[in-house]
>>> print(open('model_21.cif').read())   # mmCIF, C-alpha atoms
data_protein
#
loop_
_atom_site.label_atom_id
_atom_site.label_comp_id
_atom_site.auth_asym_id
_atom_site.auth_seq_id
_atom_site.Cartn_x
_atom_site.Cartn_y
_atom_site.Cartn_z
CA SER V 246 5.86 -7.89 -6.61
CA GLN V 247 4.69 -5.84 -9.56
CA TYR V 248 1.66 -3.64 -9.95
CA ALA V 249 0.25 -1.66 -12.84
CA VAL V 250 -1.48 1.66 -12.19
CA PHE V 251 -4.31 2.68 -14.52
CA ASP V 252 -6.35 5.86 -14.86
CA GLN V 253 -10.16 5.89 -14.96
CA HIS V 254 -10.06 5.18 -18.72
CA GLY V 255 -7.99 1.99 -18.38
CA GLN V 256 -4.73 3.53 -19.62
CA GLN V 257 -1.60 2.53 -17.71
CA ILE V 258 -0.12 5.66 -16.14
CA ALA V 259 2.41 4.17 -13.73
CA ALA V 260 4.05 0.98 -12.51
CA VAL V 261 5.14 -0.32 -9.13
CA ASN V 262 8.04 -2.76 -8.93
CA GLN V 263 9.71 -4.42 -5.99
CA VAL V 264 13.44 -3.70 -6.02
CA GLY V 265 16.50 -4.87 -4.12
CA GLN V 266 15.69 -8.57 -3.76
CA SER V 267 18.54 -11.06 -3.73
CA ALA V 268 18.07 -14.60 -5.06
CA VAL V 269 18.09 -15.90 -1.47
CA LYS V 270 15.36 -13.46 -0.43
CA LYS V 271 13.23 -14.42 -3.45
CA ALA V 272 13.57 -18.10 -2.56
CA LEU V 273 12.67 -17.47 1.09
CA ARG V 274 9.58 -15.50 0.02
CA VAL V 275 8.35 -18.35 -2.18
CA LEU V 276 9.18 -21.25 0.13
CA THR V 277 8.41 -19.84 3.61
CA SER V 278 6.05 -17.59 5.52
CA LEU V 279 8.87 -15.25 6.55
CA ASP V 280 7.78 -12.42 4.23
CA GLN V 281 6.59 -10.15 7.05
CA PHE V 282 10.03 -10.21 8.70
CA MET V 283 11.75 -8.94 5.55
CA THR V 284 12.18 -5.38 4.34
CA HIS V 285 10.28 -4.61 1.12
CA ARG V 286 11.22 -1.79 -1.26
CA LEU V 287 8.87 -0.70 -4.04
CA ASP V 288 9.50 1.95 -6.70
CA ILE V 289 6.57 3.81 -8.26
CA THR V 290 7.43 5.04 -11.75
CA ASP V 291 5.39 7.10 -14.18
CA ALA V 292 4.51 6.06 -17.73
CA THR V 293 7.96 7.17 -18.96
CA GLY V 294 9.79 5.10 -16.33
CA GLN V 295 10.78 8.07 -14.15
CA LEU V 296 10.82 7.38 -10.41
CA VAL V 297 7.93 9.18 -8.67
CA LEU V 298 7.94 7.65 -5.16
CA ARG V 299 9.83 4.96 -3.26
CA LEU V 300 8.10 2.89 -0.58
CA THR V 301 10.03 0.97 2.07
CA ARG V 302 8.32 -1.37 4.50
CA PRO V 303 10.89 -2.47 7.09
CA GLY V 304 10.56 -6.00 8.45
CA LYS V 305 7.88 -6.22 11.11
CA VAL V 306 6.59 -8.44 13.86
CA PHE V 307 3.12 -6.99 14.48
CA LYS V 308 2.35 -3.55 13.02
CA SER V 309 3.61 -2.24 9.68
CA THR V 310 5.18 1.06 8.79
CA VAL V 311 5.71 2.15 5.19
CA VAL V 312 8.24 4.95 4.64
CA VAL V 313 7.33 7.05 1.58
CA SER V 314 10.27 8.85 -0.05
CA ASP V 315 10.64 11.15 -3.04
CA PRO V 316 12.94 10.33 -6.01
CA SER V 317 15.89 11.86 -4.10
CA ASP V 318 15.28 9.43 -1.20
CA ARG V 319 14.08 12.22 1.10
CA GLU V 320 11.33 11.01 3.40
CA VAL V 321 7.93 12.49 2.52
CA GLY V 322 6.13 10.77 5.38
CA ARG V 323 5.11 7.46 6.89
CA ILE V 324 2.04 5.29 6.74
CA VAL V 325 1.89 3.73 10.20
CA GLN V 326 -0.43 0.89 11.23
CA GLU V 327 -2.19 1.99 14.41
CA ASN V 328 -3.99 -1.21 15.45
CA MET V 329 -4.00 -4.96 14.76
CA PHE V 330 -7.56 -6.03 15.57
CA GLY V 331 -10.97 -4.92 14.36
CA LYS V 332 -11.13 -2.33 11.63
CA ILE V 333 -7.49 -1.66 10.73
CA ARG V 334 -6.28 1.97 10.79
CA PHE V 335 -3.14 3.61 9.44
CA GLY V 336 -1.96 7.13 10.21
CA PHE V 337 -0.26 9.46 7.73
CA ILE V 338 2.68 10.86 9.71
CA VAL V 339 4.75 13.79 8.42
CA ASP V 340 7.48 15.32 10.63
CA GLY V 341 5.92 13.63 13.67
CA GLN V 342 2.45 15.08 12.97
CA ARG V 343 -0.59 13.03 11.98
CA ILE V 344 -2.00 14.65 8.81
CA GLY V 345 -4.53 11.99 7.86
CA SER V 346 -5.48 8.35 8.05
CA ILE V 347 -6.53 5.23 6.18
CA ASN V 348 -9.48 3.49 7.84
CA ALA V 349 -10.72 -0.01 6.99
CA GLN V 350 -14.45 -0.10 6.42
CA ASN V 351 -14.80 -3.67 7.70
CA TRP V 352 -12.80 -6.33 9.54
CA ARG V 353 -11.64 -7.97 6.26
CA ALA V 354 -9.66 -4.79 5.47
CA TRP V 355 -10.54 -4.70 1.77
CA ASP V 356 -12.12 -1.25 1.51
CA PHE V 357 -10.65 1.87 3.08
CA ALA V 358 -11.71 5.49 3.57
CA ILE V 359 -8.88 8.01 3.54
CA HIS V 360 -9.32 11.07 5.76
CA ASP V 361 -7.40 14.31 6.17
CA GLU V 362 -6.46 15.76 9.57
CA THR V 363 -10.03 17.06 10.06
CA GLU V 364 -11.44 13.51 9.58
CA THR V 365 -13.02 14.56 6.26
CA GLU V 366 -13.00 11.77 3.67
CA ILE V 367 -10.71 12.81 0.81
CA ALA V 368 -10.27 9.48 -0.99
CA ARG V 369 -11.27 5.84 -0.97
CA VAL V 370 -9.38 2.60 -1.66
CA THR V 371 -11.54 -0.33 -2.77
CA LYS V 372 -10.39 -3.87 -3.46
CA THR V 373 -12.10 -5.25 -6.57
CA TRP V 374 -12.66 -8.88 -7.39
CA GLU V 375 -10.00 -10.06 -9.83
CA GLY V 376 -11.92 -13.04 -11.19
CA LEU V 377 -12.02 -16.72 -10.36
CA ALA V 378 -8.90 -17.75 -12.30
CA LYS V 379 -6.75 -15.04 -10.74
CA THR V 380 -8.14 -15.70 -7.27
CA MET V 381 -7.38 -19.43 -7.49
CA PHE V 382 -4.00 -19.34 -9.21
CA THR V 383 -2.30 -16.05 -8.34
CA THR V 384 -1.89 -13.63 -5.47
CA ALA V 385 -2.99 -10.70 -7.66
CA ASP V 386 -5.22 -8.07 -6.09
CA ASN V 387 -6.85 -5.09 -7.78
CA TYR V 388 -7.45 -1.83 -5.95
CA VAL V 389 -9.24 1.30 -7.09
CA VAL V 390 -8.14 4.61 -5.55
CA GLN V 391 -10.74 7.33 -5.95
CA ILE V 392 -9.53 10.82 -4.94
CA HIS V 393 -12.44 13.17 -4.16
CA ARG V 394 -10.66 16.52 -4.57
CA PRO V 395 -7.27 17.88 -5.64
CA LEU V 396 -4.57 17.21 -3.04
CA HIS V 397 -1.12 18.72 -2.67
CA GLY V 398 2.25 18.06 -1.09
CA ALA V 399 2.86 15.19 1.31
CA LEU V 400 -0.85 14.39 1.65
CA GLN V 401 -1.13 13.83 -2.11
CA GLN V 402 1.95 11.60 -2.14
CA LEU V 403 0.74 9.54 0.83
CA VAL V 404 -2.71 9.06 -0.75
CA VAL V 405 -1.04 7.92 -3.99
CA ALA V 406 1.00 5.41 -1.96
CA ALA V 407 -2.05 4.22 0.04
CA ALA V 408 -3.26 1.20 -1.98
CA VAL V 409 0.23 -0.23 -2.48
CA SER V 410 1.01 0.38 1.20
CA VAL V 411 -2.14 -1.39 2.36
CA ASP V 412 -1.39 -4.38 0.15
CA THR V 413 2.24 -4.50 1.29
CA ALA V 414 1.41 -4.01 4.96
CA LEU V 415 -1.51 -6.41 5.28
CA LYS V 416 -1.73 -8.80 2.37
CA GLN V 417 1.84 -9.88 1.52
CA ASP V 418 2.31 -11.52 4.90
CA ASN V 419 -0.20 -14.25 4.03
CA ARG V 420 1.37 -15.22 0.68
CA GLY V 421 4.03 -17.72 1.69
CA LEU V 422 3.42 -21.42 1.17
CA GLY V 423 5.03 -22.63 4.40
#
>>> encode(input="model_21.cif", output="structure tokens")
Amino acid sequence: SQYAVFDQHGQQIAAVNQVGQSAVKKALRVLTSLDQFMTHRLDITDATGQLVLRLTRPGKVFKSTVVVSDPSDREVGRIVQENMFGKIRFGFIVDGQRIGSINAQNWRAWDFAIHDETETEIARVTKTWEGLAKTMFTTADNYVVQIHRPLHGALQQLVVAAAVSVDTALKQDNRGLG
């Protein structure tokens, strides 16, 4: 998996790359529907290639957890799926405390409101249509993350990780051919 991250002016400011895949794991991902049972590791790098965040989604059976770590591999927090049916919700968990959430706006889980611990909306993740050719021939998805106000610390890092985490947690599981 690879993602490009663009600013509001269309300039690429970061990249997200899946790391740590063996040839066997790559083959299993393409040929089977076992993707959800595998651990996924994604590195977010800035425009200069410097590691900014690392995301790890351990293999799952039902609900996903994405561990967000800093460049030194210290855990910043977790994005934890809280339900499986209806409008999907994820909690931002830091040191065992819930400091915010990602809340699907509909049952399709394409658009999400991000709230802080007071349930105030601080950001929004919206899936955009990638076009007919991409929809038919690739698994590419486009997400827009709109942050409503300056954020700091773990909350900022978890919001930055939100769109990639949602895609990894919910969408990758349906990409196998088997």
>>> atom_distance(input="model_21.cif", atom1="CA of Gln256 in chain V", atom2="CA of Val411 in chain V")
22.7 Å
>>> resolve_selection(input="model_21.cif", expression="the PyMOL selection byres ((chain V and resi 388) around 7)", output="ChimeraX atom specification")
/V:370-373,386-387,389-390,408
>>> resolve_selection(input="model_21.cif", expression="the PyMOL selection byres ((chain V and resi 308-315) around 10)", output="PyMOL selection string")
chain V and resi 281+284-289+296-307+316-329+335-339+399+402-403+406-407+409-411+413-415
>>> atom_distance(input="model_21.cif", atom1="CA of Gln401 in chain V", atom2="CA of Thr293 in chain V")
20.3 Å
>>> atom_distance(input="model_21.cif", atom1="CA of His393 in chain V", atom2="CA of Arg334 in chain V")
19.7 Å
>>> resolve_selection(input="model_21.cif", expression="the PyMOL selection byres ((chain V and resi 248) around 7)", output="mmCIF file with C-alpha atoms, in the frame of the given file")
data_model
loop_
_atom_site.group_PDB
_atom_site.id
_atom_site.type_symbol
_atom_site.label_atom_id
_atom_site.label_comp_id
_atom_site.auth_asym_id
_atom_site.auth_seq_id
_atom_site.Cartn_x
_atom_site.Cartn_y
_atom_site.Cartn_z
ATOM 1 C CA SER V 246 5.860 -7.890 -6.610
ATOM 2 C CA GLN V 247 4.690 -5.840 -9.560
ATOM 3 C CA ALA V 249 0.250 -1.660 -12.840
ATOM 4 C CA VAL V 250 -1.480 1.660 -12.190
ATOM 5 C CA ALA V 260 4.050 0.980 -12.510
ATOM 6 C CA VAL V 261 5.140 -0.320 -9.130
ATOM 7 C CA ASN V 262 8.040 -2.760 -8.930
#
>>> residues_near_point(input="model_21.cif", point="(-9.1, 11.8, 7.5)", cutoff="12 Å", atoms="only C-alpha atoms", output="list in words")
Arg334, Phe335, Gly336, Phe337, Arg343, Ile344, Gly345, Ser346, Ile347, Asn348, Ala349, Phe357, Ala358, Ile359, His360, Asp361, Glu362, Thr363, Glu364, Thr365, Glu366, Ile367, Ala368, Arg369, Leu400 and Val404 of chain V
>>> closest_residue(input="model_21.cif", among="V:Gly341, V:Asn351, V:Met283, V:Asp252", to="Ile392 in chain V", atoms="all atoms listed in the file")
V:Asp252
